[in-house]
Structures are given as C-alpha cells and as structure tokens.
file upload-v2.tsv (TSV, C-alpha atoms)
chain	number	residue	atom	x	y	z
A	1	MET	CA	4.00	-16.05	11.83
A	2	LEU	CA	6.45	-16.41	8.97
A	3	SER	CA	6.81	-19.76	7.23
A	4	LYS	CA	10.14	-21.05	5.93
A	5	LYS	CA	9.04	-20.26	2.37
A	6	GLU	CA	8.12	-16.72	3.33
A	7	LYS	CA	11.49	-16.13	5.01
A	8	GLU	CA	13.18	-17.35	1.82
A	9	LEU	CA	11.10	-14.97	-0.30
A	10	ILE	CA	11.91	-12.08	2.03
A	11	ALA	CA	15.63	-12.85	1.96
A	12	GLU	CA	15.52	-13.07	-1.84
A	13	ILE	CA	13.81	-9.70	-2.20
A	14	CYS	CA	16.11	-8.00	0.32
A	15	GLY	CA	19.04	-9.44	-1.59
A	16	LYS	CA	17.78	-7.68	-4.73
A	17	LEU	CA	17.27	-4.39	-2.86
A	18	THR	CA	20.66	-4.18	-1.13
A	19	PRO	CA	22.75	-3.25	-4.20
A	20	VAL	CA	20.31	-0.43	-5.02
A	21	ALA	CA	19.53	0.53	-1.43
A	22	GLU	CA	20.03	4.26	-2.11
A	23	ASP	CA	17.58	4.31	-5.02
A	24	ILE	CA	14.94	2.17	-3.30
A	25	GLY	CA	15.16	4.04	0.00
A	26	SER	CA	15.09	7.53	-1.46
A	27	ASP	CA	12.25	6.55	-3.83
A	28	ALA	CA	10.15	5.20	-0.93
A	29	LEU	CA	10.78	8.35	1.10
A	30	LEU	CA	9.85	10.63	-1.81
A	31	ARG	CA	6.63	8.68	-2.36
A	32	MET	CA	5.83	9.04	1.33
A	33	PHE	CA	6.46	12.80	1.34
A	34	ALA	CA	4.31	13.31	-1.79
A	35	THR	CA	1.36	11.16	-0.69
A	36	PHE	CA	1.45	11.81	3.06
A	37	PRO	CA	2.78	15.36	3.50
A	38	GLY	CA	2.52	15.20	7.32
A	39	THR	CA	5.53	12.90	7.30
A	40	LYS	CA	7.73	15.76	6.10
A	41	THR	CA	7.52	17.32	9.57
A	42	TYR	CA	10.18	14.87	10.76
A	43	PHE	CA	12.66	16.07	8.17
A	44	SER	CA	12.72	19.84	8.61
A	45	HIS	CA	16.44	19.58	9.41
A	46	LEU	CA	17.34	17.83	6.15
A	47	ASP	CA	17.27	18.58	2.43
A	48	ILE	CA	14.69	16.11	1.13
A	49	SER	CA	14.55	17.25	-2.49
A	50	PRO	CA	14.87	14.43	-5.07
A	51	ARG	CA	18.40	12.97	-5.34
A	52	SER	CA	19.73	15.21	-2.54
A	53	PRO	CA	22.69	13.69	-0.63
A	54	HIS	CA	20.63	13.71	2.61
A	55	LEU	CA	17.76	11.84	0.99
A	56	LEU	CA	20.01	9.26	-0.67
A	57	SER	CA	22.01	8.55	2.47
A	58	HIS	CA	18.91	8.41	4.65
A	59	GLY	CA	17.09	6.10	2.24
A	60	LYS	CA	20.12	3.85	2.08
A	61	LYS	CA	20.33	3.59	5.89
A	62	ILE	CA	16.70	2.54	6.17
A	63	VAL	CA	16.81	-0.10	3.41
A	64	LEU	CA	20.08	-1.59	4.71
A	65	ALA	CA	18.60	-1.87	8.23
A	66	ILE	CA	15.56	-3.67	6.82
A	67	ALA	CA	17.75	-6.00	4.74
A	68	GLU	CA	20.02	-6.71	7.72
A	69	GLY	CA	17.04	-7.65	9.89
A	70	ALA	CA	15.86	-10.10	7.22
A	71	LYS	CA	19.02	-12.19	7.67
A	72	ASP	CA	17.72	-13.52	11.00
A	73	ILE	CA	14.12	-12.51	11.60
A	74	SER	CA	13.84	-14.47	14.85
A	75	GLN	CA	16.50	-12.14	16.34
A	76	LEU	CA	14.84	-8.84	15.38
A	77	ALA	CA	14.33	-7.76	19.01
A	78	VAL	CA	18.06	-8.17	19.61
A	79	SER	CA	19.41	-6.76	16.34
A	80	LEU	CA	17.07	-3.74	16.47
A	81	GLY	CA	17.85	-2.91	20.13
A	82	PRO	CA	19.85	0.27	19.45
A	83	LEU	CA	17.39	1.45	16.78
A	84	GLN	CA	14.50	0.80	19.17
A	85	THR	CA	16.10	3.10	21.74
A	86	PHE	CA	16.88	5.71	19.12
A	87	HIS	CA	13.31	5.83	17.78
A	88	ALA	CA	11.72	5.81	21.23
A	89	TYR	CA	13.83	8.41	22.97
A	90	GLN	CA	15.39	10.60	20.29
A	91	LEU	CA	13.33	10.49	17.12
A	92	ARG	CA	9.93	9.88	18.74
A	93	ILE	CA	8.25	9.35	15.38
A	94	VAL	CA	4.56	8.51	15.85
A	95	PRO	CA	4.50	4.76	15.09
A	96	THR	CA	1.57	5.00	12.66
A	97	ASN	CA	4.12	6.50	10.28
A	98	PHE	CA	6.01	3.18	10.15
A	99	LYS	CA	2.95	1.71	8.43
A	100	ILE	CA	2.92	4.56	5.93
A	101	LEU	CA	6.59	4.10	5.04
A	102	SER	CA	6.11	0.32	4.82
A	103	HIS	CA	3.32	0.86	2.29
A	104	CYS	CA	5.49	3.21	0.23
A	105	MET	CA	8.34	0.66	0.34
A	106	LEU	CA	5.96	-1.97	-1.05
A	107	VAL	CA	4.93	0.41	-3.85
A	108	THR	CA	8.61	1.10	-4.65
A	109	ILE	CA	9.34	-2.64	-4.71
A	110	ALA	CA	6.34	-3.17	-7.02
A	111	CYS	CA	7.60	-0.49	-9.44
A	112	HIS	CA	11.05	-2.09	-9.31
A	113	MET	CA	10.03	-5.76	-9.67
A	114	GLY	CA	6.84	-5.48	-11.77
A	115	ASP	CA	4.99	-8.79	-12.08
A	116	ASP	CA	7.78	-10.60	-10.18
A	117	PHE	CA	6.33	-8.98	-7.07
A	118	THR	CA	3.68	-11.68	-6.84
A	119	PRO	CA	0.80	-11.63	-4.33
A	120	VAL	CA	2.60	-14.26	-2.23
A	121	ALA	CA	5.84	-12.23	-2.21
A	122	HIS	CA	3.85	-9.09	-1.37
A	123	ALA	CA	2.17	-10.88	1.55
A	124	ALA	CA	5.53	-12.07	2.90
A	125	MET	CA	7.13	-8.59	2.67
A	126	ASP	CA	4.08	-6.94	4.23
A	127	LYS	CA	4.24	-9.38	7.15
A	128	TYR	CA	7.96	-8.80	7.61
A	129	LEU	CA	7.69	-5.00	7.48
A	130	SER	CA	4.80	-5.10	9.99
A	131	ALA	CA	6.90	-7.23	12.34
A	132	PHE	CA	9.88	-4.90	11.85
A	133	ALA	CA	7.73	-1.85	12.64
A	134	ALA	CA	6.21	-3.50	15.71
A	135	VAL	CA	9.66	-4.35	17.12
A	136	LEU	CA	10.90	-0.83	16.35
A	137	ALA	CA	8.08	0.67	18.42
A	138	GLU	CA	8.53	-1.67	21.42
A	139	LYS	CA	10.42	0.75	23.67
A	140	TYR	CA	8.02	3.66	23.15
A	141	ARG	CA	6.09	2.93	26.33
B	1	MET	CA	-15.99	19.33	-1.65
B	2	VAL	CA	-12.65	17.95	-2.80
B	3	GLU	CA	-10.37	20.28	-4.78
B	4	TRP	CA	-8.55	18.67	-7.69
B	5	THR	CA	-5.62	20.28	-9.50
B	6	ASP	CA	-5.39	20.00	-13.29
B	7	PHE	CA	-2.42	17.68	-12.83
B	8	GLU	CA	-4.45	15.39	-10.57
B	9	ARG	CA	-7.44	15.23	-12.94
B	10	ALA	CA	-5.24	14.55	-15.96
B	11	THR	CA	-3.12	11.98	-14.12
B	12	ILE	CA	-6.07	10.00	-12.79
B	13	GLN	CA	-7.89	10.10	-16.12
B	14	GLY	CA	-4.68	9.00	-17.86
B	15	ILE	CA	-4.25	5.98	-15.58
B	16	PHE	CA	-7.80	4.78	-16.22
B	17	ASP	CA	-7.60	5.48	-19.98
B	18	LYS	CA	-4.68	3.06	-20.23
B	19	MET	CA	-6.11	0.56	-17.73
B	20	GLU	CA	-6.74	-3.06	-18.74
B	21	TYR	CA	-9.76	-3.60	-16.51
B	22	GLU	CA	-9.87	-7.39	-17.02
B	23	VAL	CA	-6.25	-7.70	-15.89
B	24	VAL	CA	-5.93	-5.07	-13.16
B	25	GLY	CA	-9.32	-5.68	-11.49
B	26	PRO	CA	-8.81	-9.41	-10.92
B	27	ALA	CA	-5.16	-8.85	-9.95
B	28	ALA	CA	-6.09	-6.31	-7.29
B	29	LEU	CA	-8.87	-8.42	-5.74
B	30	CYS	CA	-6.72	-11.59	-5.81
B	31	ARG	CA	-3.87	-9.72	-4.16
B	32	CYS	CA	-6.19	-8.45	-1.42
B	33	LEU	CA	-7.52	-11.96	-0.72
B	34	VAL	CA	-3.96	-13.35	-0.55
B	35	VAL	CA	-2.22	-10.54	1.38
B	36	TYR	CA	-5.15	-9.94	3.78
B	37	PRO	CA	-6.77	-13.36	4.06
B	38	TRP	CA	-9.44	-12.19	6.50
B	39	THR	CA	-11.08	-10.36	3.58
B	40	GLN	CA	-12.10	-13.81	2.31
B	41	ARG	CA	-14.90	-13.73	4.88
B	42	TYR	CA	-17.04	-11.80	2.41
B	43	PHE	CA	-16.63	-14.33	-0.38
B	44	GLY	CA	-17.92	-17.54	1.20
B	45	ASN	CA	-19.90	-18.45	-1.90
B	46	PHE	CA	-17.00	-17.98	-4.33
B	47	GLY	CA	-15.84	-21.59	-4.10
B	48	ASN	CA	-12.16	-22.52	-3.81
B	49	LEU	CA	-10.08	-19.82	-2.07
B	50	TYR	CA	-7.89	-22.38	-0.34
B	51	ASN	CA	-4.50	-21.01	-1.40
B	52	ALA	CA	-2.95	-18.32	-3.59
B	53	ALA	CA	-2.99	-20.51	-6.70
B	54	ALA	CA	-6.68	-21.31	-6.23
B	55	ILE	CA	-7.54	-17.65	-5.69
B	56	LEU	CA	-5.62	-16.58	-8.80
B	57	ALA	CA	-7.41	-19.22	-10.88
B	58	ASN	CA	-10.89	-18.59	-9.48
B	59	PRO	CA	-13.20	-17.23	-12.23
B	60	LEU	CA	-15.69	-15.71	-9.74
B	61	VAL	CA	-12.88	-13.68	-8.16
B	62	ALA	CA	-11.73	-12.53	-11.58
B	63	LYS	CA	-15.23	-11.45	-12.61
B	64	HIS	CA	-15.81	-9.61	-9.36
B	65	GLY	CA	-12.45	-7.87	-9.58
B	66	THR	CA	-13.41	-6.49	-12.99
B	67	THR	CA	-16.81	-5.37	-11.64
B	68	ILE	CA	-15.20	-3.51	-8.73
B	69	LEU	CA	-12.76	-1.71	-11.00
B	70	HIS	CA	-15.53	-0.59	-13.35
B	71	GLY	CA	-17.28	0.72	-10.22
B	72	LEU	CA	-14.48	3.28	-9.98
B	73	ASP	CA	-15.54	4.69	-13.36
B	74	ARG	CA	-18.46	6.36	-11.62
B	75	ALA	CA	-16.11	8.37	-9.43
B	76	LEU	CA	-14.00	9.22	-12.46
B	77	LYS	CA	-17.02	10.67	-14.27
B	78	ASN	CA	-18.18	12.59	-11.18
B	79	MET	CA	-14.97	13.74	-9.55
B	80	ASP	CA	-16.62	16.83	-8.13
B	81	ASN	CA	-19.27	14.87	-6.28
B	82	ILE	CA	-17.90	11.48	-5.38
B	83	LYS	CA	-19.67	11.45	-2.01
B	84	ALA	CA	-23.16	11.61	-3.58
B	85	THR	CA	-22.17	9.27	-6.41
B	86	TYR	CA	-21.42	6.44	-3.98
B	87	ALA	CA	-24.21	7.04	-1.45
B	88	GLU	CA	-26.24	4.09	-2.72
B	89	LEU	CA	-23.24	1.75	-2.94
B	90	SER	CA	-22.26	2.78	0.58
B	91	VAL	CA	-25.68	1.80	1.90
B	92	LEU	CA	-25.41	-1.51	0.02
B	93	HIS	CA	-22.00	-2.34	1.53
B	94	SER	CA	-23.24	-1.42	5.00
B	95	GLU	CA	-26.79	-2.73	5.19
B	96	LYS	CA	-26.73	-5.68	2.82
B	97	LEU	CA	-23.11	-6.83	2.50
B	98	HIS	CA	-22.02	-5.87	6.05
B	99	VAL	CA	-18.46	-5.11	4.97
B	100	ASP	CA	-16.17	-3.50	7.57
B	101	PRO	CA	-15.20	-0.21	5.87
B	102	ASP	CA	-11.56	-0.64	6.97
B	103	ASN	CA	-11.36	-3.28	4.24
B	104	PHE	CA	-11.90	-0.67	1.50
B	105	LYS	CA	-8.52	0.82	2.34
B	106	LEU	CA	-6.86	-2.61	2.11
B	107	LEU	CA	-8.27	-3.17	-1.38
B	108	SER	CA	-7.25	0.32	-2.47
B	109	ASP	CA	-3.68	-0.32	-1.23
B	110	CYS	CA	-3.56	-3.54	-3.28
B	111	LEU	CA	-4.89	-1.71	-6.35
B	112	THR	CA	-2.17	0.93	-5.91
B	113	ILE	CA	0.48	-1.77	-5.84
B	114	VAL	CA	-0.89	-3.54	-8.93
B	115	VAL	CA	-0.96	-0.26	-10.88
B	116	ALA	CA	2.57	0.51	-9.63
B	117	ALA	CA	3.83	-2.87	-10.87
B	118	LYS	CA	2.26	-2.25	-14.29
B	119	MET	CA	3.49	1.33	-14.69
B	120	GLY	CA	6.97	0.86	-13.20
B	121	ALA	CA	8.99	4.06	-13.24
B	122	ASP	CA	6.05	5.99	-14.77
B	123	PHE	CA	4.29	5.62	-11.41
B	124	THR	CA	6.23	8.55	-9.97
B	125	PRO	CA	5.72	9.89	-6.43
B	126	ASP	CA	3.45	12.66	-7.75
B	127	VAL	CA	1.39	10.24	-9.83
B	128	GLN	CA	1.09	7.98	-6.79
B	129	ALA	CA	-0.04	10.90	-4.63
B	130	ALA	CA	-2.78	11.82	-7.11
B	131	PHE	CA	-3.95	8.23	-7.48
B	132	GLN	CA	-4.00	7.61	-3.73
B	133	LYS	CA	-5.87	10.88	-3.15
B	134	PHE	CA	-8.54	9.70	-5.62
B	135	LEU	CA	-8.81	6.29	-3.96
B	136	SER	CA	-8.99	7.77	-0.46
B	137	VAL	CA	-11.91	9.98	-1.52
B	138	VAL	CA	-13.68	6.91	-2.95
B	139	VAL	CA	-12.95	4.91	0.21
B	140	SER	CA	-14.29	7.72	2.38
B	141	ALA	CA	-17.47	8.01	0.27
B	142	LEU	CA	-18.07	4.26	0.47
B	143	GLY	CA	-17.87	4.40	4.26
B	144	ARG	CA	-19.97	7.53	4.54
B	145	GLN	CA	-23.45	6.00	4.88
B	146	TYR	CA	-22.54	3.52	7.60
B	147	HIS	CA	-24.22	4.16	10.93
call {"tool": "encode", "arguments": {"input": "upload-v2.tsv", "output": "structure tokens"}}
result
Amino acid sequence: MLSKKEKELIAEICGKLTPVAEDIGSDALLRMFATFPGTKTYFSHLDISPRSPHLLSHGKKIVLAIAEGAKDISQLAVSLGPLQTFHAYQLRIVPTNFKILSHCMLVTIACHMGDDFTPVAHAAMDKYLSAFAAVLAEKYR
Amino acid sequence: MVEWTDFERATIQGIFDKMEYEVVGPAALCRCLVVYPWTQRYFGNFGNLYNAAAILANPLVAKHGTTILHGLDRALKNMDNIKATYAELSVLHSEKLHVDPDNFKLLSDCLTIVVAAKMGADFTPDVQAAFQKFLSVVVSALGRQYH
C-alpha cells in the first residue's frame, strides 16, 4: 500500500535517476555481479565488464523501465504487460533475483544520494521495487 | 571455515576503522525499524516508535544501535572463527529474545545502505561484496544455535 506521500517521494527519486540512468543501472548491475556471482549466469551472452556498451545499455533499459512505471503505479500490471511476458517466457530469470537487483539498486541510490536517501525515502523505494518485482513475476505460472 | 582474501580482510577492517559507531549504529537500527516496521515487535519497551520522526529521535533506539554495531567488533577480531564467537549471542537471540533470524538479514541490509550512503563512490562493487560477505557470515553465525 503506497500513500500519496510515498508516491511523490518515489516520483522525485526516479526523476533524479532518469538523467543518469546508464550510470545508475550499470552500477547496480556491477554490484549485483560482484556480491551475488550466481546472477552472472544470465549474462553469459553479453560483455558485462565495467563501462562496457552492453552493460551501460542494459542498465539504462532497466532504470528507465522502473522510472516509467513510477509515473502511474496503479497501472503497473498494464504498463508491464509486455515485460511480464518477456521475463516469464523468454528470460525465465528465477524471481528471487529481482529482490537481489532491487537491493543493489537501493545501495546504488544510497551511494548517489547520501544522507538525502532518508529512511522514509528508502522505505518508499523498497515498497515500490517489491511491487514492481511482484508484477514482473505474475505470468511465470 | 570461511576463506578471506587479503583484499577482503583489509577492506572490512578499513570500513570499521573509519566507522563512527554512534552515528552509523543508530542510523542502521532506525532505518530497519522504519523500512521494516514489523521489526518493532522486539522493541515494545523502547517507548515512542509511532512514526519515523519518533524513531529517529528515540534515545533508547540510538543507544541500542550503537551496542549492536560494537557487537560486530567481535567478528572483526575473530574473522577466522565467527561461528564460535557468536554461539552465545545466538543462543541469547533464540532462547531469551525469541528473534526470528530472518530479521538479522534485514538489519544487515540496512547497515549496508547506511555505510553506502556515508562512503558514496568509495563503496565500490568490490567493497560492497566484501562487506556483505562479512555480514552474511555474521548473520549465519547468529542463526546457527536456533533449534
């Protein structure tokens, strides 16, 4: 359940992330690969070394999708429809990994925003990312 | 037994050497109580935890946060035997405090984020990996004596 205040906080943070989507996204992915090496198994077809074009473009895609969803959170099931299908039938990423990436995104945001990433802002983003991940996994079974 | 590389030992020691315990400890516990409100169940006698502002201003929370962080010093001094080091604390959390061990991971995630916010770009992916490895060993040791 997201309050009006929380939605505002989420929109504000996503607004700050969008212009640097490439940096945020690739940073989160690199953190994930370093801390949870099992996640690298999904990227054997890409070059995931730091600042590689694949990593930057992939990171950007992910952050922009998250920011886009934040514009109308009540419509996530609709706006994520195609991505739901993609993750369920093509990518088939074990959904526990969504939690891992969400955590690494929160760490990246903390590094980026420092003390401005207050506990209340952190709670709001964590709730949003959990909701996003849950919707993304809806077509799995 | 857990294997630590020289990089990991140096990194973890370095983070704690620079740590302001009275700032980071309270910040991590406060964050946990705000982001995961169900963790407040263990702090019924801490007084006002009604909202984020109250939690952040609560002196009992601040004191306890500092205590918890200093508890990590034991692991730091005994990195090659963290499991044995925390055996007693594990029994305490299980038998006396009745804390669900899943909550240890939540607190360690909040601590990671507080340290990340303080260190900014210095909290690189490799530094994060080392720090999280350390915390996951501590979390595992704390849950070890539950039965």
call {"tool": "atom_distance", "arguments": {"input": "upload-v2.tsv", "atom1": "CA of Thr67 in chain B", "atom2": "CA of Met32 in chain A"}}
result
29.8 Å
call {"tool": "axis_aligned_box", "arguments": {"input": "upload-v2.tsv", "around": "range 100-104 of chain A", "padding_each_side": "6 Å", "output": "AutoDock Vina command-line options"}}
result
--center_x 4.8 --center_y 2.4 --center_z 3.1 --size_x 15.7 --size_y 16.2 --size_z 17.7
call {"tool": "atom_distance", "arguments": {"input": "upload-v2.tsv", "atom1": "CA of Asp122 in chain B", "atom2": "CA of Gly71 in chain B"}}
result
24.3 Å
call {"tool": "interface_residues", "arguments": {"input": "upload-v2.tsv", "of": "chain A", "to": "chain B", "cutoff": "12 Å", "atoms": "all atoms listed in the file", "output": "PyMOL selection string"}}
result
chain A and resi 23-24+26-37+50+99-100+102-127
call {"tool": "residues_near_point", "arguments": {"input": "upload-v2.tsv", "point": "(8.8, 0.3, 13.5)", "cutoff": "7 Å", "atoms": "only C-alpha atoms", "output": "ChimeraX atom specification"}}
result
/A:95,98,132-137
call {"tool": "closest_residue", "arguments": {"input": "upload-v2.tsv", "among": "A:Ile73, A:Leu56, A:Thr41, A:Leu17", "to": "Leu91 in chain A", "atoms": "only C-alpha atoms"}}
result
A:Thr41
call {"tool": "atom_distance", "arguments": {"input": "upload-v2.tsv", "atom1": "CA of Leu89 in chain B", "atom2": "CA of Gln145 in chain B"}}
result
8.9 Å
call {"tool": "closest_residue", "arguments": {"input": "upload-v2.tsv", "among": "B:Asn78, B:Ser90, B:Thr85, B:Asn103", "to": "Gln13 in chain B", "atoms": "all atoms listed in the file"}}
result
B:Asn78
call {"tool": "residues_around", "arguments": {"input": "upload-v2.tsv", "residues": "Asn48 in chain B", "least_positions_apart": "3", "cutoff": "8 Å", "atoms": "only C-alpha atoms", "output": "MDAnalysis selection string"}}
result
chainID B and resid 54:55 58
call {"tool": "closest_residue", "arguments": {"input": "upload-v2.tsv", "among": "A:Lys5, A:Val94, A:Lys139, A:Ser130", "to": "Gly38 in chain A", "atoms": "all atoms listed in the file"}}
result
A:Val94
call {"tool": "residues_around", "arguments": {"input": "upload-v2.tsv", "residues": "Asp47 in chain A", "least_positions_apart": "3", "cutoff": "12 Å", "atoms": "only C-alpha atoms", "output": "PDB file with C-alpha atoms, in the frame of the given file"}}
result
ATOM      1  CA  SER A  26      15.090   7.530  -1.460  1.00  0.00           C
ATOM      2  CA  LEU A  30       9.850  10.630  -1.810  1.00  0.00           C
ATOM      3  CA  LYS A  40       7.730  15.760   6.100  1.00  0.00           C
ATOM      4  CA  TYR A  42      10.180  14.870  10.760  1.00  0.00           C
ATOM      5  CA  PHE A  43      12.660  16.070   8.170  1.00  0.00           C
ATOM      6  CA  SER A  44      12.720  19.840   8.610  1.00  0.00           C
ATOM      7  CA  PRO A  50      14.870  14.430  -5.070  1.00  0.00           C
ATOM      8  CA  ARG A  51      18.400  12.970  -5.340  1.00  0.00           C
ATOM      9  CA  SER A  52      19.730  15.210  -2.540  1.00  0.00           C
ATOM     10  CA  PRO A  53      22.690  13.690  -0.630  1.00  0.00           C
ATOM     11  CA  HIS A  54      20.630  13.710   2.610  1.00  0.00           C
ATOM     12  CA  LEU A  55      17.760  11.840   0.990  1.00  0.00           C
ATOM     13  CA  LEU A  56      20.010   9.260  -0.670  1.00  0.00           C
ATOM     14  CA  SER A  57      22.010   8.550   2.470  1.00  0.00           C
ATOM     15  CA  HIS A  58      18.910   8.410   4.650  1.00  0.00           C
TER      16      HIS A  58
END
call {"tool": "closest_residue", "arguments": {"input": "upload-v2.tsv", "among": "B:Ala62, B:Val99, B:Met1, B:Leu72", "to": "Leu135 in chain B", "atoms": "all atoms listed in the file"}}
result
B:Leu72
call {"tool": "build_atoms", "arguments": {"input": "upload-v2.tsv", "residues": "range 84-106 of chain A", "atoms": "N, CA, C and O atoms", "output": "short mmCIF file (atom, residue, chain, number, x, y, z; two decimals), in the frame of the given file"}}
result
data_model
loop_
_atom_site.label_atom_id
_atom_site.label_comp_id
_atom_site.auth_asym_id
_atom_site.auth_seq_id
_atom_site.Cartn_x
_atom_site.Cartn_y
_atom_site.Cartn_z
N GLN A 84 15.70 0.65 18.35
CA GLN A 84 14.50 0.80 19.17
C GLN A 84 14.67 2.00 20.11
O GLN A 84 13.78 2.85 20.23
N THR A 85 15.81 2.03 20.79
CA THR A 85 16.10 3.10 21.74
C THR A 85 16.11 4.45 21.04
O THR A 85 15.51 5.42 21.50
N PHE A 86 16.77 4.48 19.89
CA PHE A 86 16.88 5.71 19.12
C PHE A 86 15.51 6.27 18.73
O PHE A 86 15.23 7.46 18.90
N HIS A 87 14.64 5.38 18.21
CA HIS A 87 13.31 5.83 17.78
C HIS A 87 12.43 6.23 18.94
O HIS A 87 11.63 7.15 18.84
N ALA A 88 12.59 5.53 20.08
CA ALA A 88 11.72 5.81 21.23
C ALA A 88 12.10 7.09 21.96
O ALA A 88 11.24 7.87 22.36
N TYR A 89 13.40 7.30 22.11
CA TYR A 89 13.83 8.41 22.97
C TYR A 89 14.33 9.63 22.22
O TYR A 89 14.20 10.74 22.72
N GLN A 90 14.92 9.43 21.03
CA GLN A 90 15.39 10.60 20.29
C GLN A 90 14.40 11.02 19.21
O GLN A 90 13.91 12.14 19.20
N LEU A 91 14.14 10.12 18.28
CA LEU A 91 13.33 10.49 17.12
C LEU A 91 11.86 10.70 17.47
O LEU A 91 11.22 11.63 17.00
N ARG A 92 11.34 9.80 18.31
CA ARG A 92 9.93 9.88 18.74
C ARG A 92 8.97 10.10 17.58
O ARG A 92 8.07 10.93 17.65
N ILE A 93 9.16 9.33 16.53
CA ILE A 93 8.25 9.35 15.38
C ILE A 93 6.99 8.60 15.78
O ILE A 93 7.07 7.50 16.29
N VAL A 94 5.81 9.20 15.54
CA VAL A 94 4.56 8.51 15.85
C VAL A 94 4.53 7.20 15.06
O VAL A 94 4.70 7.20 13.85
N PRO A 95 4.35 6.07 15.77
CA PRO A 95 4.50 4.76 15.09
C PRO A 95 3.55 4.49 13.93
O PRO A 95 3.84 3.63 13.10
N THR A 96 2.44 5.21 13.82
CA THR A 96 1.57 5.00 12.66
C THR A 96 2.31 5.32 11.36
O THR A 96 1.98 4.82 10.29
N ASN A 97 3.37 6.16 11.47
CA ASN A 97 4.12 6.50 10.28
C ASN A 97 4.93 5.32 9.74
O ASN A 97 5.27 5.29 8.56
N PHE A 98 5.26 4.35 10.60
CA PHE A 98 6.01 3.18 10.15
C PHE A 98 5.18 2.43 9.11
O PHE A 98 5.70 1.95 8.11
N LYS A 99 3.86 2.39 9.36
CA LYS A 99 2.95 1.71 8.43
C LYS A 99 2.94 2.42 7.08
O LYS A 99 2.91 1.79 6.02
N ILE A 100 2.95 3.76 7.16
CA ILE A 100 2.92 4.56 5.93
C ILE A 100 4.18 4.32 5.12
O ILE A 100 4.13 4.11 3.90
N LEU A 101 5.34 4.33 5.77
CA LEU A 101 6.59 4.10 5.04
C LEU A 101 6.63 2.68 4.50
O LEU A 101 7.08 2.46 3.37
N SER A 102 6.14 1.71 5.30
CA SER A 102 6.11 0.32 4.82
C SER A 102 5.31 0.23 3.53
O SER A 102 5.74 -0.43 2.58
N HIS A 103 4.15 0.87 3.50
CA HIS A 103 3.32 0.86 2.29
C HIS A 103 4.09 1.44 1.11
O HIS A 103 4.11 0.86 0.02
N CYS A 104 4.75 2.57 1.33
CA CYS A 104 5.49 3.21 0.23
C CYS A 104 6.67 2.34 -0.22
O CYS A 104 7.02 2.32 -1.39
N MET A 105 7.27 1.60 0.72
CA MET A 105 8.34 0.66 0.34
C MET A 105 7.76 -0.42 -0.57
O MET A 105 8.38 -0.79 -1.57
N LEU A 106 6.58 -0.93 -0.22
CA LEU A 106 5.96 -1.97 -1.05
C LEU A 106 5.65 -1.44 -2.45
O LEU A 106 5.86 -2.14 -3.44
#
